[in-house]
$ cat final_39.pdb   # PDB, C-alpha atoms
ATOM      1  CA  MET N   1     -74.869 239.612  61.533
ATOM      2  CA  SER N   2     -73.247 242.684  60.022
ATOM      3  CA  SER N   3     -75.449 245.677  59.279
ATOM      4  CA  LEU N   4     -73.378 246.323  56.160
ATOM      5  CA  PHE N   5     -76.009 244.784  53.912
ATOM      6  CA  ALA N   6     -79.122 245.461  55.969
ATOM      7  CA  TYR N   7     -82.367 245.267  54.007
ATOM      8  CA  ASP N   8     -85.934 246.302  54.376
ATOM      9  CA  ASP N   9     -87.618 243.873  56.815
ATOM     10  CA  ASP N  10     -90.459 242.870  54.472
ATOM     11  CA  ARG N  11     -88.125 242.185  51.601
ATOM     12  CA  GLU N  12     -85.843 240.185  53.850
ATOM     13  CA  ALA N  13     -88.800 238.145  55.172
ATOM     14  CA  ALA N  14     -89.991 237.473  51.613
ATOM     15  CA  SER N  15     -86.521 236.346  50.494
ATOM     16  CA  ALA N  16     -86.196 234.027  53.483
ATOM     17  CA  ALA N  17     -89.676 232.580  52.890
ATOM     18  CA  ARG N  18     -88.966 232.020  49.186
ATOM     19  CA  VAL N  19     -85.821 230.055  49.974
ATOM     20  CA  ARG N  20     -87.450 228.057  52.781
ATOM     21  CA  ALA N  21     -90.365 227.188  50.496
ATOM     22  CA  LEU N  22     -88.028 226.172  47.697
ATOM     23  CA  GLU N  23     -85.943 223.990  49.980
ATOM     24  CA  ALA N  24     -89.032 222.289  51.464
ATOM     25  CA  LEU N  25     -90.512 221.656  48.024
ATOM     26  CA  LEU N  26     -87.330 220.177  46.582
ATOM     27  CA  ILE N  27     -86.856 217.915  49.614
ATOM     28  CA  GLU N  28     -90.482 216.792  49.335
ATOM     29  CA  LYS N  29     -89.968 215.976  45.644
ATOM     30  CA  GLY N  30     -86.857 213.978  46.454
ATOM     31  CA  VAL N  31     -84.692 216.278  44.327
ATOM     32  CA  LEU N  32     -82.698 217.633  47.280
ATOM     33  CA  GLY N  33     -81.397 215.603  50.211
ATOM     34  CA  SER N  34     -82.226 216.985  53.650
ATOM     35  CA  ASP N  35     -78.532 217.296  54.520
ATOM     36  CA  SER N  36     -77.206 218.227  51.045
ATOM     37  CA  VAL N  37     -76.854 221.923  51.758
ATOM     38  CA  ASP N  38     -74.902 221.396  54.970
ATOM     39  CA  ALA N  39     -72.664 218.838  53.264
ATOM     40  CA  VAL N  40     -71.733 221.265  50.479
ATOM     41  CA  LEU N  41     -71.085 224.177  52.811
ATOM     42  CA  ALA N  42     -69.039 222.051  55.184
ATOM     43  CA  HIS N  43     -66.404 221.899  52.474
ATOM     44  CA  PHE N  44     -65.853 225.658  52.712
ATOM     45  CA  ASP N  45     -66.181 225.652  56.520
ATOM     46  CA  THR N  46     -63.890 222.777  57.391
ATOM     47  CA  VAL N  47     -61.897 221.383  54.430
ATOM     48  CA  ALA N  48     -60.483 224.174  52.278
ATOM     49  CA  GLY N  49     -60.119 227.678  53.627
ATOM     50  CA  PRO N  50     -57.878 230.244  55.329
ATOM     51  CA  PHE N  51     -58.111 228.323  58.605
ATOM     52  CA  ASN N  52     -55.621 225.824  57.124
ATOM     53  CA  GLY N  53     -53.065 228.519  56.344
ATOM     54  CA  ALA N  54     -53.574 230.028  59.792
ATOM     55  CA  ARG N  55     -52.817 226.668  61.414
ATOM     56  CA  ILE N  56     -49.616 226.335  59.381
ATOM     57  CA  VAL N  57     -48.463 229.828  60.371
ATOM     58  CA  ALA N  58     -49.282 229.317  64.053
ATOM     59  CA  ARG N  59     -47.318 226.055  64.091
ATOM     60  CA  ALA N  60     -44.364 227.812  62.433
ATOM     61  CA  TRP N  61     -44.490 230.517  65.126
ATOM     62  CA  THR N  62     -44.487 228.053  67.984
ATOM     63  CA  ASP N  63     -42.130 225.388  66.630
ATOM     64  CA  PRO N  64     -38.826 226.672  65.151
ATOM     65  CA  GLY N  65     -38.035 223.212  63.756
ATOM     66  CA  TYR N  66     -41.350 223.155  61.911
ATOM     67  CA  ARG N  67     -40.745 226.669  60.592
ATOM     68  CA  GLN N  68     -37.410 225.538  59.170
ATOM     69  CA  ARG N  69     -38.970 222.459  57.538
ATOM     70  CA  LEU N  70     -41.781 224.605  56.139
ATOM     71  CA  LEU N  71     -39.322 226.938  54.447
ATOM     72  CA  GLU N  72     -37.177 224.090  53.127
ATOM     73  CA  ASP N  73     -39.898 221.729  51.854
ATOM     74  CA  THR N  74     -43.308 223.347  52.163
ATOM     75  CA  PRO N  75     -45.549 220.507  50.858
ATOM     76  CA  LYS N  76     -43.858 217.979  53.126
ATOM     77  CA  ALA N  77     -44.222 220.240  56.167
ATOM     78  CA  ILE N  78     -47.885 220.944  55.341
ATOM     79  CA  ALA N  79     -48.493 217.187  55.118
ATOM     80  CA  GLU N  80     -47.266 216.852  58.712
ATOM     81  CA  LEU N  81     -50.422 218.639  59.901
ATOM     82  CA  HIS N  82     -52.763 215.994  58.446
ATOM     83  CA  PHE N  83     -55.283 218.281  56.791
ATOM     84  CA  PRO N  84     -58.580 216.804  55.538
ATOM     85  CA  LEU N  85     -58.651 214.898  52.270
ATOM     86  CA  GLY N  86     -59.189 217.230  49.355
ATOM     87  CA  MET N  87     -56.980 219.887  50.837
ATOM     88  CA  ASP N  88     -54.330 219.133  48.201
ATOM     89  CA  GLY N  89     -56.748 219.852  45.349
ATOM     90  CA  ALA N  90     -58.005 223.268  44.276
ATOM     91  CA  GLU N  91     -54.586 224.614  43.473
ATOM     92  CA  GLY N  92     -53.168 223.643  46.829
ATOM     93  CA  GLU N  93     -50.268 221.815  45.207
ATOM     94  CA  HIS N  94     -46.759 223.186  44.704
ATOM     95  CA  MET N  95     -46.882 225.465  47.719
ATOM     96  CA  LYS N  96     -43.861 227.458  48.822
ATOM     97  CA  ALA N  97     -43.641 229.471  52.036
ATOM     98  CA  VAL N  98     -41.543 232.595  52.555
ATOM     99  CA  ALA N  99     -41.068 234.241  55.937
ATOM    100  CA  ASN N 100     -41.222 237.888  56.898
ATOM    101  CA  SER N 101     -38.583 239.131  59.291
ATOM    102  CA  ALA N 102     -37.115 242.331  60.674
ATOM    103  CA  THR N 103     -35.143 242.713  57.427
ATOM    104  CA  VAL N 104     -37.448 241.250  54.735
ATOM    105  CA  HIS N 105     -41.105 241.802  53.853
ATOM    106  CA  ASN N 106     -42.672 239.467  51.297
ATOM    107  CA  LEU N 107     -45.568 240.366  48.999
ATOM    108  CA  VAL N 108     -47.362 237.728  46.928
ATOM    109  CA  ILE N 109     -49.149 238.680  43.755
ATOM    110  CA  CYS N 110     -51.083 236.370  41.485
ATOM    111  CA  THR N 111     -50.872 236.043  37.743
ATOM    112  CA  LEU N 112     -52.569 232.698  37.357
ATOM    113  CA  CYS N 113     -52.997 230.747  40.534
ATOM    114  CA  TYR N 114     -54.182 231.199  44.081
ATOM    115  CA  PRO N 115     -53.884 228.468  46.723
ATOM    116  CA  TRP N 116     -57.455 228.215  48.002
ATOM    117  CA  PRO N 117     -56.958 225.408  50.486
ATOM    118  CA  VAL N 118     -54.528 227.567  52.441
ATOM    119  CA  LEU N 119     -55.690 231.144  51.825
ATOM    120  CA  GLY N 120     -59.401 230.652  51.139
ATOM    121  CA  LEU N 121     -61.341 232.463  48.424
ATOM    122  CA  PRO N 122     -59.368 235.339  46.915
ATOM    123  CA  PRO N 123     -60.423 238.954  47.493
ATOM    124  CA  TYR N 124     -61.906 240.951  44.602
ATOM    125  CA  TRP N 125     -58.799 242.951  43.914
ATOM    126  CA  TYR N 126     -56.343 240.063  43.856
ATOM    127  CA  LYS N 127     -56.561 239.301  40.133
ATOM    128  CA  ASP N 128     -56.942 242.938  39.228
ATOM    129  CA  PRO N 129     -54.299 243.782  36.589
ATOM    130  CA  VAL N 130     -53.628 247.131  38.274
ATOM    131  CA  PHE N 131     -52.826 245.494  41.626
ATOM    132  CA  ARG N 132     -50.571 242.962  39.929
ATOM    133  CA  SER N 133     -48.646 245.433  37.795
ATOM    134  CA  ARG N 134     -48.282 247.986  40.589
ATOM    135  CA  GLY N 135     -47.300 245.212  43.004
ATOM    136  CA  VAL N 136     -44.325 244.456  40.790
ATOM    137  CA  ARG N 137     -43.468 248.030  39.841
ATOM    138  CA  GLU N 138     -43.965 249.874  43.121
ATOM    139  CA  PRO N 139     -44.563 247.357  45.916
ATOM    140  CA  ARG N 140     -43.737 249.810  48.716
ATOM    141  CA  ALA N 141     -46.403 252.244  47.485
ATOM    142  CA  VAL N 142     -48.946 249.422  47.211
ATOM    143  CA  LEU N 143     -48.101 248.178  50.701
ATOM    144  CA  ARG N 144     -48.388 251.699  52.101
ATOM    145  CA  GLU N 145     -51.877 251.964  50.611
ATOM    146  CA  PHE N 146     -52.778 248.704  52.357
ATOM    147  CA  GLY N 147     -51.640 250.250  55.638
ATOM    148  CA  VAL N 148     -48.330 248.401  55.739
ATOM    149  CA  PRO N 149     -45.539 250.987  55.564
ATOM    150  CA  VAL N 150     -42.225 249.193  55.107
ATOM    151  CA  ALA N 151     -39.141 250.929  56.520
ATOM    152  CA  ALA N 152     -36.450 251.932  54.031
ATOM    153  CA  GLY N 153     -33.985 249.452  55.506
ATOM    154  CA  VAL N 154     -36.328 246.495  55.022
ATOM    155  CA  GLU N 155     -36.046 244.628  51.739
ATOM    156  CA  VAL N 156     -39.335 244.007  49.873
ATOM    157  CA  LYS N 157     -39.526 240.772  47.904
ATOM    158  CA  VAL N 158     -42.363 240.231  45.415
ATOM    159  CA  TRP N 159     -43.427 236.700  44.489
ATOM    160  CA  ASP N 160     -45.640 235.873  41.539
ATOM    161  CA  SER N 161     -47.725 232.745  42.058
ATOM    162  CA  SER N 162     -48.064 230.455  39.073
ATOM    163  CA  ALA N 163     -49.031 226.884  38.269
ATOM    164  CA  GLN N 164     -45.473 225.846  39.190
ATOM    165  CA  ILE N 165     -45.182 227.596  42.554
ATOM    166  CA  ARG N 166     -47.917 229.036  44.769
ATOM    167  CA  TRP N 167     -46.429 231.317  47.379
ATOM    168  CA  PHE N 168     -47.681 232.238  50.789
ATOM    169  CA  VAL N 169     -46.165 234.357  53.527
ATOM    170  CA  ILE N 170     -45.383 233.429  57.113
ATOM    171  CA  PRO N 171     -46.019 236.821  58.710
ATOM    172  CA  GLU N 172     -44.083 237.987  61.734
ATOM    173  CA  ARG N 173     -45.502 236.839  65.045
ATOM    174  CA  PRO N 174     -47.112 239.814  66.779
ATOM    175  CA  ALA N 175     -45.691 241.300  69.936
ATOM    176  CA  ASP N 176     -47.291 240.392  73.266
ATOM    177  CA  SER N 177     -48.442 236.984  72.014
ATOM    178  CA  ALA N 178     -46.112 234.727  74.011
ATOM    179  CA  HIS N 179     -48.952 233.655  76.328
ATOM    180  CA  LEU N 180     -51.251 232.485  73.506
ATOM    181  CA  SER N 181     -51.857 228.862  72.546
ATOM    182  CA  GLU N 182     -51.304 227.682  68.982
ATOM    183  CA  GLU N 183     -55.063 227.774  68.400
ATOM    184  CA  GLU N 184     -55.332 231.322  69.732
ATOM    185  CA  LEU N 185     -52.442 232.396  67.539
ATOM    186  CA  ALA N 186     -54.096 230.854  64.466
ATOM    187  CA  ALA N 187     -57.185 232.971  65.142
ATOM    188  CA  LEU N 188     -55.079 236.118  64.663
ATOM    189  CA  VAL N 189     -53.829 235.156  61.183
ATOM    190  CA  THR N 190     -55.722 236.573  58.191
ATOM    191  CA  PRO N 191     -55.493 235.648  54.493
ATOM    192  CA  GLU N 192     -54.215 239.154  53.776
ATOM    193  CA  ALA N 193     -51.363 238.651  56.231
ATOM    194  CA  MET N 194     -50.469 235.450  54.361
ATOM    195  CA  MET N 195     -50.353 237.457  51.106
ATOM    196  CA  GLY N 196     -48.118 240.063  52.714
ATOM    197  CA  VAL N 197     -50.600 242.960  52.402
ATOM    198  CA  ALA N 198     -51.356 243.070  56.133
ATOM    199  CA  LEU N 199     -49.543 242.588  59.419
ATOM    200  CA  VAL N 200     -50.847 240.373  62.202
ATOM    201  CA  PRO N 201     -51.964 242.677  65.028
ATOM    202  CA  SER N 202     -51.078 242.057  68.637
ATOM    203  CA  PRO N 203     -53.845 240.348  70.607
ATOM    204  CA  VAL N 204     -56.323 242.568  72.384
ATOM    205  CA  PRO N 205     -55.454 242.408  76.116
TER     206      PRO N 205
ATOM    207  CA  MET H   1     -56.353 221.132  39.402
ATOM    208  CA  PHE H   2     -59.763 221.030  41.031
ATOM    209  CA  THR H   3     -60.622 217.681  42.551
ATOM    210  CA  ARG H   4     -63.882 218.767  44.222
ATOM    211  CA  PHE H   5     -67.031 220.069  42.574
ATOM    212  CA  GLU H   6     -67.420 222.730  45.270
ATOM    213  CA  ASP H   7     -64.044 224.264  44.404
ATOM    214  CA  TYR H   8     -64.624 224.037  40.680
ATOM    215  CA  ALA H   9     -68.056 225.677  40.929
ATOM    216  CA  ALA H  10     -66.858 228.533  43.127
ATOM    217  CA  ALA H  11     -63.801 229.059  40.909
ATOM    218  CA  GLN H  12     -65.898 229.530  37.783
ATOM    219  CA  MET H  13     -67.455 232.649  39.303
ATOM    220  CA  LEU H  14     -64.373 234.437  40.583
ATOM    221  CA  GLY H  15     -63.415 237.520  38.614
ATOM    222  CA  HIS H  16     -66.798 237.490  36.856
ATOM    223  CA  PRO H  17     -70.023 239.467  37.368
ATOM    224  CA  ASP H  18     -71.615 236.573  39.283
ATOM    225  CA  SER H  19     -68.799 236.373  41.868
ATOM    226  CA  PRO H  20     -70.276 235.841  45.368
ATOM    227  CA  PRO H  21     -69.687 238.177  48.344
ATOM    228  CA  ARG H  22     -66.783 237.072  50.488
ATOM    229  CA  SER H  23     -64.735 238.317  53.410
ATOM    230  CA  GLN H  24     -61.321 237.242  54.700
ATOM    231  CA  GLY H  25     -61.162 234.198  52.439
ATOM    232  CA  LYS H  26     -64.624 232.919  53.296
ATOM    233  CA  LEU H  27     -68.042 233.155  51.683
ATOM    234  CA  TYR H  28     -69.978 236.030  53.237
ATOM    235  CA  PHE H  29     -73.613 235.494  54.229
ATOM    236  CA  SER H  30     -75.565 238.099  56.152
ATOM    237  CA  ALA H  31     -78.578 235.808  56.704
ATOM    238  CA  ASP H  32     -79.215 232.072  56.962
ATOM    239  CA  TRP H  33     -81.404 231.996  53.824
ATOM    240  CA  GLN H  34     -78.455 233.261  51.785
ATOM    241  CA  ARG H  35     -76.336 230.385  53.029
ATOM    242  CA  THR H  36     -79.131 227.911  52.267
ATOM    243  CA  VAL H  37     -79.735 229.078  48.700
ATOM    244  CA  TYR H  38     -76.006 229.135  47.951
ATOM    245  CA  GLY H  39     -75.665 225.561  49.142
ATOM    246  CA  MET H  40     -78.849 224.425  47.390
ATOM    247  CA  ALA H  41     -77.719 225.515  43.929
ATOM    248  CA  MET H  42     -74.334 223.915  44.420
ATOM    249  CA  ALA H  43     -75.720 220.653  45.817
ATOM    250  CA  LEU H  44     -78.315 220.310  43.035
ATOM    251  CA  SER H  45     -75.756 220.877  40.297
ATOM    252  CA  ARG H  46     -73.239 218.567  41.974
ATOM    253  CA  ASP H  47     -75.931 215.872  41.996
ATOM    254  CA  GLY H  48     -76.456 216.296  38.246
ATOM    255  CA  HIS H  49     -79.791 218.119  38.108
ATOM    256  CA  PHE H  50     -78.372 220.885  35.928
ATOM    257  CA  GLU H  51     -75.033 222.099  34.598
ATOM    258  CA  TRP H  52     -73.349 224.686  36.791
ATOM    259  CA  GLU H  53     -72.800 226.820  33.697
ATOM    260  CA  ASP H  54     -76.560 226.846  33.008
ATOM    261  CA  PHE H  55     -77.139 228.199  36.504
ATOM    262  CA  ARG H  56     -74.364 230.781  36.082
ATOM    263  CA  GLN H  57     -75.884 232.093  32.885
ATOM    264  CA  GLN H  58     -79.212 232.544  34.658
ATOM    265  CA  LEU H  59     -77.429 234.352  37.494
ATOM    266  CA  ILE H  60     -75.564 236.650  35.117
ATOM    267  CA  ALA H  61     -78.881 237.419  33.397
ATOM    268  CA  ALA H  62     -80.572 238.148  36.748
ATOM    269  CA  ILE H  63     -77.749 240.529  37.727
ATOM    270  CA  ALA H  64     -77.929 242.231  34.312
ATOM    271  CA  ALA H  65     -81.683 242.674  34.749
ATOM    272  CA  TRP H  66     -81.130 244.307  38.154
ATOM    273  CA  GLU H  67     -78.490 246.618  36.616
ATOM    274  CA  ALA H  68     -80.856 247.569  33.812
ATOM    275  CA  GLY H  69     -83.401 248.484  36.481
ATOM    276  CA  ALA H  70     -80.756 250.549  38.254
ATOM    277  CA  CYS H  71     -80.197 252.608  35.119
ATOM    278  CA  ALA H  72     -83.920 253.157  34.756
ATOM    279  CA  GLY H  73     -84.172 254.200  38.420
ATOM    280  CA  GLY H  74     -86.502 253.069  41.193
ATOM    281  CA  GLN H  75     -85.394 249.463  41.493
ATOM    282  CA  THR H  76     -84.842 247.592  44.747
ATOM    283  CA  PRO H  77     -81.491 247.870  46.568
ATOM    284  CA  TRP H  78     -78.722 245.538  45.453
ATOM    285  CA  ASP H  79     -79.054 242.026  46.819
ATOM    286  CA  TYR H  80     -76.755 239.393  45.302
ATOM    287  CA  TYR H  81     -78.621 236.493  46.879
ATOM    288  CA  ALA H  82     -82.010 237.738  45.645
ATOM    289  CA  CYS H  83     -80.568 237.484  42.110
ATOM    290  CA  TYR H  84     -79.089 234.109  43.048
ATOM    291  CA  THR H  85     -82.520 232.855  44.190
ATOM    292  CA  THR H  86     -84.164 234.106  40.980
ATOM    293  CA  ALA H  87     -81.523 232.317  38.913
ATOM    294  CA  LEU H  88     -81.987 229.067  40.812
ATOM    295  CA  ILE H  89     -85.766 229.161  40.336
ATOM    296  CA  LYS H  90     -85.350 229.827  36.605
ATOM    297  CA  VAL H  91     -82.866 227.017  36.061
ATOM    298  CA  LEU H  92     -85.094 224.611  38.014
ATOM    299  CA  GLU H  93     -88.073 225.618  35.869
ATOM    300  CA  ALA H  94     -86.012 225.215  32.700
ATOM    301  CA  HIS H  95     -85.211 221.655  33.785
ATOM    302  CA  SER H  96     -88.826 220.901  34.785
ATOM    303  CA  LEU H  97     -87.834 220.384  38.413
ATOM    304  CA  LEU H  98     -90.153 223.217  39.420
ATOM    305  CA  GLN H  99     -93.353 224.374  37.753
ATOM    306  CA  PRO H 100     -94.059 228.106  37.312
ATOM    307  CA  GLY H 101     -96.319 229.250  40.142
ATOM    308  CA  GLU H 102     -95.656 226.151  42.234
ATOM    309  CA  LEU H 103     -93.652 228.022  44.825
ATOM    310  CA  ALA H 104     -96.027 230.943  45.443
ATOM    311  CA  PRO H 105     -98.676 229.224  47.636
ATOM    312  CA  LEU H 106     -96.073 227.630  49.861
ATOM    313  CA  MET H 107     -94.208 230.906  50.204
ATOM    314  CA  ALA H 108     -97.446 232.793  50.984
ATOM    315  CA  GLY H 109     -98.208 230.252  53.698
ATOM    316  CA  LEU H 110     -94.825 230.782  55.294
ATOM    317  CA  LEU H 111     -95.210 234.552  55.190
ATOM    318  CA  GLU H 112     -98.677 234.312  56.720
ATOM    319  CA  ILE H 113     -97.315 232.288  59.617
ATOM    320  CA  SER H 114     -94.653 234.905  60.333
ATOM    321  CA  ALA H 115     -96.883 237.940  59.607
ATOM    322  CA  PRO H 116     -98.743 238.212  62.976
ATOM    323  CA  ALA H 117     -95.477 238.718  64.813
ATOM    324  CA  ARG H 118     -94.691 241.723  62.606
ATOM    325  CA  ALA H 119     -98.199 243.245  62.471
ATOM    326  CA  PRO H 120     -98.716 246.572  64.272
ATOM    327  CA  VAL H 121    -100.707 246.368  67.497
TER     328      VAL H 121
END
$ encode --input "final_39.pdb" --output "C-alpha cells"
Amino acid sequence: MSSLFAYDDDREAASAARVRALEALLIEKGVLGSDSVDAVLAHFDTVAGPFNGARIVARAWTDPGYRQRLLEDTPKAIAELHFPLGMDGAEGEHMKAVANSATVHNLVICTLCYPWPVLGLPPYWYKDPVFRSRGVREPRAVLREFGVPVAAGVEVKVWDSSAQIRWFVIPERPADSAHLSEEELAALVTPEAMMGVALVPSPVP
Amino acid sequence: MFTRFEDYAAAQMLGHPDSPPRSQGKLYFSADWQRTVYGMAMALSRDGHFEWEDFRQQLIAAIAAWEAGACAGGQTPWDYYACYTTALIKVLEAHSLLQPGELAPLMAGLLEISAPARAPV
C-alpha cells in the first residue's frame, strides 16, 4: 500500500469496520450477492483497462507484421488478440494507432472521447481545457513539462480524439529490452506513453 | 457507446467532483475496504436497488459537506472513500434497504473484536 494517503489508525479501523458491517448486513438481507463486489471489480481488473493497450503495443514491438497491420487497420489488428467480450464497448470502437519513431513524436489530446478499453480510466488533467488548448498550440512546451523534451529535428504530430477516431500511440521500444518477453515488455507500457506524454523507460537491469 | 454498466457508472463521475482516485489508468485503492465499498455501490445499483445518479448526488453532497467543514476548520483529513461510504449508507436508507442505526451495533462488535490487538499493554 502507498503511504500517500495514510490515515490515522483509529479512523482507518472504523472505516474498515463500517464497510465490513455494511457488506455483511446486505449479504444477510439478500440484497447483495456474496461475489457481487468481486464480479464488478473484475471488469476493471481484467476486461477493460490499460493492460489491453500494453498488450497491443508489446505485440507491435515484437512482431513487425503485426505493427504494420495495426497501423493500416487498427480495429482488425486489435481483434487478432482476442480480447474479452465487452472490450469493444466503452468507446473502444474506431481506434487508430500512430507510431512514434526517431523522426516523429505523436501526442494525443481529447476533445470528446477517450478509449477506456485500451488506455484505462483517464487522468484528471486529460479533459482539462488548458491541456487541450496548449497541446494544440504549443505541444513541444507541453511535452517538455511532462518530462518529454522533443529534439528540434523531430516532428510533433497532435491528434484530437473524437467519436469518429480514437487515437493511441505506439511508443518507441526502449533500449536494452531485446531480452524481454512480450509479457515483460507489456509491463513497461503506461497509459501516458500511449497518449504520447511519456516515454517507455528501459527495463531496470 | 457504453455497453456495460460498470463503464457507464464510472464514466458519469469523470470530470466531476465525485470522480474517484485513480493511477495509471486504474482505480486507486489504498485499502481493501475502499475497494469493497466501491464495488458494493456499483453492484447494488447495477442490480437495480437504486439509480446510480441517486448515489452520485449523495456522494456529491457528502463531499460538499466535507468541504464546508474544511472552510470552518478542524475537520477530518480528506478521505474520498469515507464520503463514498457515507453516500452509500444514505442512499440505502433512502431506499429502505438499511434502517438508521442498524449498522452501528454490528460495526461496534467488529471494532471490539479488533480493539484488543491495538490496546496499549
$ resolve_selection --input "final_39.pdb" --expression "the ChimeraX specification (/H :<8) & /N" --output "PDB file with C-alpha atoms, in the frame of the given file"
ATOM      1  CA  MET N   1     -74.869 239.612  61.533  1.00  0.00           C
ATOM      2  CA  SER N   2     -73.247 242.684  60.022  1.00  0.00           C
ATOM      3  CA  PHE N   5     -76.009 244.784  53.912  1.00  0.00           C
ATOM      4  CA  TYR N   7     -82.367 245.267  54.007  1.00  0.00           C
ATOM      5  CA  ALA N  13     -88.800 238.145  55.172  1.00  0.00           C
ATOM      6  CA  ALA N  14     -89.991 237.473  51.613  1.00  0.00           C
ATOM      7  CA  SER N  15     -86.521 236.346  50.494  1.00  0.00           C
ATOM      8  CA  ALA N  16     -86.196 234.027  53.483  1.00  0.00           C
ATOM      9  CA  ALA N  17     -89.676 232.580  52.890  1.00  0.00           C
ATOM     10  CA  ARG N  18     -88.966 232.020  49.186  1.00  0.00           C
ATOM     11  CA  VAL N  19     -85.821 230.055  49.974  1.00  0.00           C
ATOM     12  CA  ARG N  20     -87.450 228.057  52.781  1.00  0.00           C
ATOM     13  CA  ALA N  21     -90.365 227.188  50.496  1.00  0.00           C
ATOM     14  CA  LEU N  22     -88.028 226.172  47.697  1.00  0.00           C
ATOM     15  CA  GLU N  23     -85.943 223.990  49.980  1.00  0.00           C
ATOM     16  CA  LEU N  25     -90.512 221.656  48.024  1.00  0.00           C
ATOM     17  CA  VAL N  31     -84.692 216.278  44.327  1.00  0.00           C
ATOM     18  CA  LEU N  32     -82.698 217.633  47.280  1.00  0.00           C
ATOM     19  CA  SER N  36     -77.206 218.227  51.045  1.00  0.00           C
ATOM     20  CA  VAL N  37     -76.854 221.923  51.758  1.00  0.00           C
ATOM     21  CA  ASP N  38     -74.902 221.396  54.970  1.00  0.00           C
ATOM     22  CA  VAL N  40     -71.733 221.265  50.479  1.00  0.00           C
ATOM     23  CA  LEU N  41     -71.085 224.177  52.811  1.00  0.00           C
ATOM     24  CA  HIS N  43     -66.404 221.899  52.474  1.00  0.00           C
ATOM     25  CA  PHE N  44     -65.853 225.658  52.712  1.00  0.00           C
ATOM     26  CA  GLY N  49     -60.119 227.678  53.627  1.00  0.00           C
ATOM     27  CA  PRO N  50     -57.878 230.244  55.329  1.00  0.00           C
ATOM     28  CA  GLY N  86     -59.189 217.230  49.355  1.00  0.00           C
ATOM     29  CA  GLY N  89     -56.748 219.852  45.349  1.00  0.00           C
ATOM     30  CA  ALA N  90     -58.005 223.268  44.276  1.00  0.00           C
ATOM     31  CA  GLU N  91     -54.586 224.614  43.473  1.00  0.00           C
ATOM     32  CA  LEU N 119     -55.690 231.144  51.825  1.00  0.00           C
ATOM     33  CA  GLY N 120     -59.401 230.652  51.139  1.00  0.00           C
ATOM     34  CA  LEU N 121     -61.341 232.463  48.424  1.00  0.00           C
ATOM     35  CA  PRO N 122     -59.368 235.339  46.915  1.00  0.00           C
ATOM     36  CA  PRO N 123     -60.423 238.954  47.493  1.00  0.00           C
ATOM     37  CA  TYR N 124     -61.906 240.951  44.602  1.00  0.00           C
ATOM     38  CA  LYS N 127     -56.561 239.301  40.133  1.00  0.00           C
ATOM     39  CA  THR N 190     -55.722 236.573  58.191  1.00  0.00           C
ATOM     40  CA  PRO N 191     -55.493 235.648  54.493  1.00  0.00           C
ATOM     41  CA  GLU N 192     -54.215 239.154  53.776  1.00  0.00           C
TER      42      GLU N 192
END
$ atom_distance --input "final_39.pdb" --atom1 "atom CA of Phe146 of chain N" --atom2 "atom CA of Ala198 of chain N"
6.9 Å
$ closest_residue --input "final_39.pdb" --among "N:Val98, N:Val156, N:Val57, N:Ile170" --to "Leu143 of chain N" --atoms "only C-alpha atoms"
N:Val156
$ atom_distance --input "final_39.pdb" --atom1 "atom CA of Lys96 of chain N" --atom2 "atom CA of Val47 of chain N"
19.8 Å
$ closest_residue --input "final_39.pdb" --among "N:Pro117, N:Gln164, N:Ile109, N:Asn100" --to "Asp45 of chain N" --atoms "all atoms listed in the file"
N:Pro117
